[in-house]
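Participant: Input structure: work.pdb, which contains PDB, N, CA and C atoms.
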```pdb
ATOM      1  N   MET A   1      69.688  68.345 117.379
ATOM      2  CA  MET A   1      70.294  69.484 116.721
ATOM      3  C   MET A   1      70.841  70.429 117.791
ATOM      4  N   ARG A   2      72.081  70.767 117.666
ATOM      5  CA  ARG A   2      72.731  71.641 118.628
ATOM      6  C   ARG A   2      72.552  73.095 118.223
ATOM      7  N   ARG A   3      72.162  73.929 119.158
ATOM      8  CA  ARG A   3      71.948  75.343 118.876
ATOM      9  C   ARG A   3      73.269  76.091 118.941
ATOM     10  N   LYS A   4      73.463  76.986 118.014
ATOM     11  CA  LYS A   4      74.670  77.803 117.990
ATOM     12  C   LYS A   4      74.572  78.884 119.059
ATOM     13  N   GLN A   5      75.647  79.078 119.786
ATOM     14  CA  GLN A   5      75.694  80.113 120.807
ATOM     15  C   GLN A   5      75.845  81.476 120.133
ATOM     16  N   PRO A   6      75.234  82.511 120.706
ATOM     17  CA  PRO A   6      75.392  83.853 120.116
ATOM     18  C   PRO A   6      76.827  84.341 120.224
ATOM     19  N   ASN A   7      77.238  85.115 119.236
ATOM     20  CA  ASN A   7      78.595  85.673 119.220
ATOM     21  C   ASN A   7      78.590  87.072 119.816
ATOM     22  N   PHE A   8      78.643  87.164 121.107
ATOM     23  CA  PHE A   8      78.729  88.459 121.763
ATOM     24  C   PHE A   8      80.191  88.865 121.844
ATOM     25  N   PRO A   9      80.505  90.138 121.559
ATOM     26  CA  PRO A   9      81.906  90.578 121.644
ATOM     27  C   PRO A   9      82.492  90.279 123.021
ATOM     28  N   GLY A  10      83.710  89.768 123.013
ATOM     29  CA  GLY A  10      84.397  89.474 124.260
ATOM     30  C   GLY A  10      84.083  88.111 124.848
ATOM     31  N   THR A  11      83.309  87.301 124.130
ATOM     32  CA  THR A  11      82.995  85.970 124.636
ATOM     33  C   THR A  11      83.870  84.934 123.955
ATOM     34  N   ALA A  12      83.898  83.751 124.497
ATOM     35  CA  ALA A  12      84.706  82.671 123.939
ATOM     36  C   ALA A  12      84.085  82.094 122.670
ATOM     37  N   PHE A  13      82.876  82.526 122.326
ATOM     38  CA  PHE A  13      82.176  81.953 121.184
ATOM     39  C   PHE A  13      82.488  82.657 119.873
ATOM     40  N   GLU A  14      83.303  83.706 119.900
ATOM     41  CA  GLU A  14      83.627  84.428 118.676
ATOM     42  C   GLU A  14      84.426  83.542 117.723
ATOM     43  N   ASP A  15      84.097  83.618 116.456
ATOM     44  CA  ASP A  15      84.783  82.865 115.411
ATOM     45  C   ASP A  15      85.845  83.771 114.794
ATOM     46  N   GLU A  16      87.105  83.339 114.805
ATOM     47  CA  GLU A  16      88.199  84.165 114.295
ATOM     48  C   GLU A  16      88.137  84.375 112.786
ATOM     49  N   SER A  17      87.372  83.550 112.066
ATOM     50  CA  SER A  17      87.258  83.735 110.617
ATOM     51  C   SER A  17      86.025  84.557 110.244
ATOM     52  N   GLU A  18      85.215  84.918 111.227
ATOM     53  CA  GLU A  18      84.018  85.710 110.965
ATOM     54  C   GLU A  18      84.414  87.084 110.436
ATOM     55  N   PRO A  19      83.779  87.556 109.349
ATOM     56  CA  PRO A  19      84.156  88.858 108.797
ATOM     57  C   PRO A  19      83.688  90.003 109.689
ATOM     58  N   VAL A  20      84.535  91.013 109.811
ATOM     59  CA  VAL A  20      84.193  92.230 110.537
ATOM     60  C   VAL A  20      84.499  93.426 109.635
ATOM     61  N   CYS A  21      83.728  94.477 109.803
ATOM     62  CA  CYS A  21      83.891  95.683 108.990
ATOM     63  C   CYS A  21      84.972  96.569 109.605
ATOM     64  N   VAL A  22      85.958  96.962 108.786
ATOM     65  CA  VAL A  22      87.016  97.864 109.259
ATOM     66  C   VAL A  22      86.918  99.245 108.621
ATOM     67  N   ALA A  23      86.082  99.375 107.596
ATOM     68  CA  ALA A  23      85.896 100.681 106.950
ATOM     69  C   ALA A  23      84.596 100.674 106.158
ATOM     70  N   VAL A  24      83.967 101.839 106.090
ATOM     71  CA  VAL A  24      82.800 102.043 105.228
ATOM     72  C   VAL A  24      83.107 103.272 104.391
ATOM     73  N   VAL A  25      83.082 103.104 103.068
ATOM     74  CA  VAL A  25      83.408 104.192 102.143
ATOM     75  C   VAL A  25      82.245 104.411 101.181
ATOM     76  N   THR A  26      82.322 105.465 100.386
ATOM     77  CA  THR A  26      81.178 105.844  99.562
ATOM     78  C   THR A  26      81.091 105.139  98.219
ATOM     79  N   THR A  27      82.205 104.588  97.708
ATOM     80  CA  THR A  27      82.148 103.939  96.401
ATOM     81  C   THR A  27      82.828 102.574  96.430
ATOM     82  N   ARG A  28      82.402 101.735  95.514
ATOM     83  CA  ARG A  28      83.020 100.413  95.375
ATOM     84  C   ARG A  28      84.486 100.550  94.956
ATOM     85  N   ALA A  29      84.796 101.540  94.126
ATOM     86  CA  ALA A  29      86.179 101.738  93.669
ATOM     87  C   ALA A  29      87.099 102.048  94.845
ATOM     88  N   GLU A  30      86.658 102.919  95.737
ATOM     89  CA  GLU A  30      87.460 103.257  96.912
ATOM     90  C   GLU A  30      87.644 102.031  97.810
ATOM     91  N   ALA A  31      86.574 101.257  97.967
ATOM     92  CA  ALA A  31      86.660 100.040  98.784
ATOM     93  C   ALA A  31      87.642  99.044  98.178
ATOM     94  N   GLU A  32      87.626  98.905  96.853
ATOM     95  CA  GLU A  32      88.548  97.977  96.190
ATOM     96  C   GLU A  32      89.999  98.434  96.335
ATOM     97  N   LEU A  33      90.240  99.744  96.326
ATOM     98  CA  LEU A  33      91.598 100.258  96.549
ATOM     99  C   LEU A  33      92.080  99.898  97.961
ATOM    100  N   ILE A  34      91.205 100.051  98.941
ATOM    101  CA  ILE A  34      91.564  99.709 100.317
ATOM    102  C   ILE A  34      91.833  98.217 100.442
ATOM    103  N   VAL A  35      90.977  97.404  99.819
ATOM    104  CA  VAL A  35      91.178  95.951  99.839
ATOM    105  C   VAL A  35      92.521  95.601  99.215
ATOM    106  N   GLY A  36      92.865  96.249  98.112
ATOM    107  CA  GLY A  36      94.155  95.999  97.463
ATOM    108  C   GLY A  36      95.324  96.351  98.365
ATOM    109  N   MET A  37      95.215  97.468  99.085
ATOM    110  CA  MET A  37      96.296  97.847 100.006
ATOM    111  C   MET A  37      96.431  96.831 101.135
ATOM    112  N   LEU A  38      95.300  96.383 101.672
ATOM    113  CA  LEU A  38      95.348  95.393 102.756
ATOM    114  C   LEU A  38      95.922  94.065 102.257
ATOM    115  N   ARG A  39      95.497  93.656 101.067
ATOM    116  CA  ARG A  39      96.014  92.395 100.511
ATOM    117  C   ARG A  39      97.499  92.483 100.205
ATOM    118  N   SER A  40      97.962  93.655  99.765
ATOM    119  CA  SER A  40      99.391  93.796  99.485
ATOM    120  C   SER A  40     100.212  93.697 100.768
ATOM    121  N   GLY A  41      99.562  93.940 101.901
ATOM    122  CA  GLY A  41     100.213  93.785 103.192
ATOM    123  C   GLY A  41     100.066  92.386 103.767
ATOM    124  N   GLY A  42      99.508  91.459 102.965
ATOM    125  CA  GLY A  42      99.383  90.074 103.404
ATOM    126  C   GLY A  42      98.114  89.757 104.167
ATOM    127  N   LEU A  43      97.161  90.678 104.166
ATOM    128  CA  LEU A  43      95.906  90.449 104.886
ATOM    129  C   LEU A  43      94.817  89.980 103.928
ATOM    130  N   ARG A  44      93.879  89.249 104.463
ATOM    131  CA  ARG A  44      92.712  88.846 103.674
ATOM    132  C   ARG A  44      91.667  89.946 103.804
ATOM    133  N   ALA A  45      91.033  90.341 102.706
ATOM    134  CA  ALA A  45      90.044  91.418 102.734
ATOM    135  C   ALA A  45      89.077  91.256 101.577
ATOM    136  N   ALA A  46      87.871  91.814 101.759
ATOM    137  CA  ALA A  46      86.841  91.759 100.725
ATOM    138  C   ALA A  46      85.929  92.969 100.885
ATOM    139  N   THR A  47      85.086  93.191  99.881
ATOM    140  CA  THR A  47      84.105  94.272  99.954
ATOM    141  C   THR A  47      82.711  93.680 100.063
ATOM    142  N   SER A  48      81.803  94.498 100.581
ATOM    143  CA  SER A  48      80.397  94.120 100.655
ATOM    144  C   SER A  48      79.564  95.364 100.426
ATOM    145  N   ALA A  49      78.674  95.293  99.441
ATOM    146  CA  ALA A  49      77.796  96.426  99.137
ATOM    147  C   ALA A  49      76.436  95.899  98.706
ATOM    148  N   HIS A  50      75.429  96.647  99.012
ATOM    149  CA  HIS A  50      74.071  96.291  98.603
ATOM    150  C   HIS A  50      73.708  97.125  97.384
ATOM    151  N   ASP A  51      74.422  96.843  96.261
ATOM    152  CA  ASP A  51      74.239  97.647  95.051
ATOM    153  C   ASP A  51      73.978  96.775  93.825
ATOM    154  N   ALA A  52      73.383  95.625  94.040
ATOM    155  CA  ALA A  52      73.044  94.699  92.947
ATOM    156  C   ALA A  52      74.289  94.321  92.150
ATOM    157  N   GLY A  53      75.356  94.008  92.846
ATOM    158  CA  GLY A  53      76.586  93.587  92.186
ATOM    159  C   GLY A  53      77.250  94.675  91.372
ATOM    160  N   GLY A  54      77.018  95.928  91.720
ATOM    161  CA  GLY A  54      77.603  97.045  90.986
ATOM    162  C   GLY A  54      76.717  97.576  89.882
ATOM    163  N   TRP A  55      75.596  96.901  89.621
ATOM    164  CA  TRP A  55      74.700  97.327  88.545
ATOM    165  C   TRP A  55      73.847  98.535  88.933
ATOM    166  N   GLN A  56      73.687  98.766  90.228
ATOM    167  CA  GLN A  56      72.912  99.923  90.681
ATOM    168  C   GLN A  56      73.746 100.719  91.694
ATOM    169  N   PRO A  57      74.740 101.463  91.206
ATOM    170  CA  PRO A  57      75.634 102.185  92.119
ATOM    171  C   PRO A  57      74.919 103.206  92.985
ATOM    172  N   GLU A  58      73.733 103.644  92.576
ATOM    173  CA  GLU A  58      73.006 104.609  93.407
ATOM    174  C   GLU A  58      72.636 104.006  94.766
ATOM    175  N   LEU A  59      72.620 102.695  94.861
ATOM    176  CA  LEU A  59      72.332 102.037  96.137
ATOM    177  C   LEU A  59      73.534 102.072  97.081
ATOM    178  N   GLN A  60      74.683 102.530  96.599
ATOM    179  CA  GLN A  60      75.877 102.612  97.436
ATOM    180  C   GLN A  60      75.795 103.774  98.424
ATOM    181  N   LEU A  61      74.697 104.509  98.433
ATOM    182  CA  LEU A  61      74.562 105.640  99.339
ATOM    183  C   LEU A  61      74.689 105.212 100.798
ATOM    184  N   GLN A  62      74.368 103.969 101.086
ATOM    185  CA  GLN A  62      74.517 103.473 102.457
ATOM    186  C   GLN A  62      75.944 103.026 102.740
ATOM    187  N   GLY A  63      76.800 103.091 101.737
ATOM    188  CA  GLY A  63      78.216 102.791 101.918
ATOM    189  C   GLY A  63      78.607 101.407 101.444
ATOM    190  N   VAL A  64      79.876 101.264 101.189
ATOM    191  CA  VAL A  64      80.474  99.987 100.799
ATOM    192  C   VAL A  64      81.409  99.590 101.935
ATOM    193  N   GLN A  65      81.240  98.385 102.447
ATOM    194  CA  GLN A  65      82.032  97.924 103.580
ATOM    195  C   GLN A  65      83.296  97.223 103.117
ATOM    196  N   VAL A  66      84.369  97.417 103.883
ATOM    197  CA  VAL A  66      85.605  96.662 103.706
ATOM    198  C   VAL A  66      85.641  95.667 104.864
ATOM    199  N   LEU A  67      85.692  94.379 104.528
ATOM    200  CA  LEU A  67      85.631  93.315 105.525
ATOM    201  C   LEU A  67      86.945  92.558 105.613
ATOM    202  N   VAL A  68      87.307  92.176 106.829
ATOM    203  CA  VAL A  68      88.463  91.317 107.075
ATOM    204  C   VAL A  68      88.052  90.273 108.109
ATOM    205  N   PRO A  69      88.742  89.133 108.171
ATOM    206  CA  PRO A  69      88.451  88.164 109.226
ATOM    207  C   PRO A  69      88.766  88.772 110.593
ATOM    208  N   ARG A  70      87.993  88.372 111.596
ATOM    209  CA  ARG A  70      88.196  88.901 112.950
ATOM    210  C   ARG A  70      89.649  88.750 113.394
ATOM    211  N   ALA A  71      90.301  87.667 112.980
ATOM    212  CA  ALA A  71      91.692  87.430 113.373
ATOM    213  C   ALA A  71      92.635  88.509 112.829
ATOM    214  N   ASP A  72      92.276  89.141 111.710
ATOM    215  CA  ASP A  72      93.124  90.164 111.079
ATOM    216  C   ASP A  72      92.671  91.591 111.382
ATOM    217  N   GLU A  73      91.632  91.744 112.193
ATOM    218  CA  GLU A  73      91.034  93.067 112.410
ATOM    219  C   GLU A  73      92.026  94.081 112.973
ATOM    220  N   ALA A  74      92.742  93.728 114.013
ATOM    221  CA  ALA A  74      93.661  94.686 114.645
ATOM    222  C   ALA A  74      94.745  95.138 113.672
ATOM    223  N   GLU A  75      95.319  94.198 112.936
ATOM    224  CA  GLU A  75      96.379  94.542 111.984
ATOM    225  C   GLU A  75      95.826  95.396 110.839
ATOM    226  N   ALA A  76      94.603  95.088 110.383
ATOM    227  CA  ALA A  76      93.993  95.869 109.306
ATOM    228  C   ALA A  76      93.714  97.294 109.757
ATOM    229  N   ARG A  77      93.191  97.451 110.971
ATOM    230  CA  ARG A  77      92.917  98.794 111.489
ATOM    231  C   ARG A  77      94.212  99.589 111.669
ATOM    232  N   GLU A  78      95.265  98.913 112.094
ATOM    233  CA  GLU A  78      96.566  99.573 112.240
ATOM    234  C   GLU A  78      97.090 100.033 110.882
ATOM    235  N   CYS A  79      96.944  99.186 109.872
ATOM    236  CA  CYS A  79      97.389  99.516 108.514
ATOM    237  C   CYS A  79      96.605 100.711 107.973
ATOM    238  N   LEU A  80      95.285 100.713 108.157
ATOM    239  CA  LEU A  80      94.457 101.817 107.679
ATOM    240  C   LEU A  80      94.775 103.115 108.413
ATOM    241  N   ALA A  81      95.028 103.032 109.709
ATOM    242  CA  ALA A  81      95.388 104.231 110.476
ATOM    243  C   ALA A  81      96.731 104.789 110.018
ATOM    244  N   ASP A  82      97.677 103.891 109.719
ATOM    245  CA  ASP A  82      98.993 104.323 109.243
ATOM    246  C   ASP A  82      98.868 105.044 107.904
ATOM    247  N   ILE A  83      98.039 104.510 107.013
ATOM    248  CA  ILE A  83      97.837 105.136 105.705
ATOM    249  C   ILE A  83      97.155 106.488 105.864
ATOM    250  N   GLU A  84      96.179 106.564 106.762
ATOM    251  CA  GLU A  84      95.459 107.817 106.972
ATOM    252  C   GLU A  84      96.366 108.882 107.591
ATOM    253  N   ASN A  85      97.230 108.477 108.511
ATOM    254  CA  ASN A  85      98.116 109.429 109.182
ATOM    255  C   ASN A  85      99.346 109.791 108.359
ATOM    256  N   ASN A  86      99.745 108.919 107.425
ATOM    257  CA  ASN A  86     100.923 109.149 106.593
ATOM    258  C   ASN A  86     100.601 108.854 105.129
ATOM    259  N   PRO A  87      99.768 109.684 104.503
ATOM    260  CA  PRO A  87      99.412 109.407 103.104
ATOM    261  C   PRO A  87     100.622 109.532 102.189
ATOM    262  N   PRO A  88     100.633 108.777 101.098
ATOM    263  CA  PRO A  88     101.757 108.876 100.166
ATOM    264  C   PRO A  88     101.792 110.258  99.510
ATOM    265  N   ASP A  89     102.986 110.773  99.306
ATOM    266  CA  ASP A  89     103.177 112.078  98.687
ATOM    267  C   ASP A  89     103.376 111.870  97.188
ATOM    268  N   ILE A  90     102.270 111.764  96.454
ATOM    269  CA  ILE A  90     102.381 111.453  95.025
ATOM    270  C   ILE A  90     102.737 112.681  94.187
ATOM    271  N   GLU A  91     102.609 113.885  94.749
ATOM    272  CA  GLU A  91     102.979 115.079  93.992
ATOM    273  C   GLU A  91     104.494 115.198  93.877
ATOM    274  N   ASN A  92     105.208 114.942  94.956
ATOM    275  CA  ASN A  92     106.661 115.059  94.946
ATOM    276  C   ASN A  92     107.361 113.742  94.636
ATOM    277  N   ASN A  93     106.668 112.633  94.824
ATOM    278  CA  ASN A  93     107.228 111.305  94.557
ATOM    279  C   ASN A  93     106.230 110.488  93.750
ATOM    280  N   PRO A  94     106.062 110.812  92.459
ATOM    281  CA  PRO A  94     105.083 110.060  91.661
ATOM    282  C   PRO A  94     105.512 108.607  91.500
ATOM    283  N   PRO A  95     104.531 107.714  91.329
ATOM    284  CA  PRO A  95     104.882 106.309  91.125
ATOM    285  C   PRO A  95     105.644 106.125  89.818
ATOM    286  N   ASP A  96     106.470 105.104  89.757
ATOM    287  CA  ASP A  96     107.222 104.801  88.539
ATOM    288  C   ASP A  96     106.292 104.160  87.518
ATOM    289  N   VAL A  97     105.994 104.911  86.480
ATOM    290  CA  VAL A  97     105.114 104.417  85.427
ATOM    291  C   VAL A  97     105.793 104.680  84.097
ATOM    292  N   ASP A  98     105.909 103.631  83.300
ATOM    293  CA  ASP A  98     106.500 103.763  81.972
ATOM    294  C   ASP A  98     105.374 104.029  80.982
ATOM    295  N   ASP A  99     105.408 105.168  80.354
ATOM    296  CA  ASP A  99     104.340 105.561  79.432
ATOM    297  C   ASP A  99     104.584 105.125  77.991
ATOM    298  N   ASN A 100     105.490 104.201  77.776
ATOM    299  CA  ASN A 100     105.798 103.739  76.442
ATOM    300  C   ASN A 100     104.783 102.646  76.049
ATOM    301  N   PRO A 101     103.828 102.954  75.161
ATOM    302  CA  PRO A 101     102.789 101.978  74.799
ATOM    303  C   PRO A 101     103.335 100.737  74.070
ATOM    304  N   SER A 102     104.536 100.833  73.505
ATOM    305  CA  SER A 102     105.071  99.667  72.791
ATOM    306  C   SER A 102     105.423  98.531  73.770
ATOM    307  N   ASP A 103     105.507  98.821  75.077
ATOM    308  CA  ASP A 103     105.819  97.796  76.059
ATOM    309  C   ASP A 103     104.606  96.971  76.444
ATOM    310  N   TYR A 104     103.431  97.358  75.977
ATOM    311  CA  TYR A 104     102.202  96.658  76.388
ATOM    312  C   TYR A 104     101.880  95.520  75.483
TER     313      TYR A 104
END
```
Let me see the structure of the file written as structure tokens.
Facilitator:
Amino acid sequence: MRRKQPNFPGTAFEDESEPVCVAVVTTRAEAELIVGMLRSGGLRAATSAHDAGGWQPELQLQGVQVLVPRADEAEARECLADIENNPPDIENNPPDVDDNPSDY
């Protein structure tokens, strides 16, 4: 049986598909919004929380993680920094939403 080498940062043993945390937020909803933004940019992303699958949200006090593969980490962090530095102006430029219920 071959022993797995430890994954120390900066070593050749790092796995590019290994998930890394790029953000920790207070709610699952906020984490899902971030995941959606990253996915819309073509990145793979997921959430991780120790809240019994959402059934015990009070356990989210330790935060909800947004995870991406190590290979996408730099691009994901750049995307999140861009959003943080240039938030959308929804007051002056609201999203196009058709409020006609007959279209649903």
Participant: Between atom C of Asn92 of chain A and atom N of Thr26 of chain A, what is the spacing in Å?
Facilitator: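 If I compute the distance from atom N of Thr26 of chain A to atom C of Asn92 of chain A, I get 27.0 Å.
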Participant: Applying the PyMOL selection byres (((chain A and resi 21 and name CA) around 9) and name CA) to the file I just gave you, which residues come out? Please list them as number ranges by chain.
Facilitator: A: 19-20, 22-24, 65-70, 73
Participant: If you measure from atom CA of Leu61 of chain A to atom N of Thr47 of chain A, what distance in Å do you get, rounded to one decimal?
Facilitator: 16.3 Å
Participant: Extract, using only C-alpha atoms, all DNA, RNA and protein residues at most 12 Å from segment 83-88 of chain A, discarding same-chain residues fewer than 3 positions from it, and format them as number ranges by chain.
Facilitator: A: 23, 34, 37-38, 41, 76-80, 91-95
Participant: Which distance in Å separates atom CA of Ser40 of chain A and atom CA of Asp89 of chain A, to one decimal?
Facilitator: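 Atom-to-atom, atom CA of Ser40 of chain A to atom CA of Asp89 of chain A, that is 18.7 Å.
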Participant: For segment 28-41 of chain A, take all atoms listed in the file, fit an axis-aligned box around them, add 6 Å to each of the six sides, then output centre and edge lengths in Å rounded to one decimal, as AutoDock Vina command-line options.
Facilitator:
```
--center_x 91.3 --center_y 97.8 --center_z 98.7 --size_x 29.8 --size_y 22.9 --size_z 22.1
```
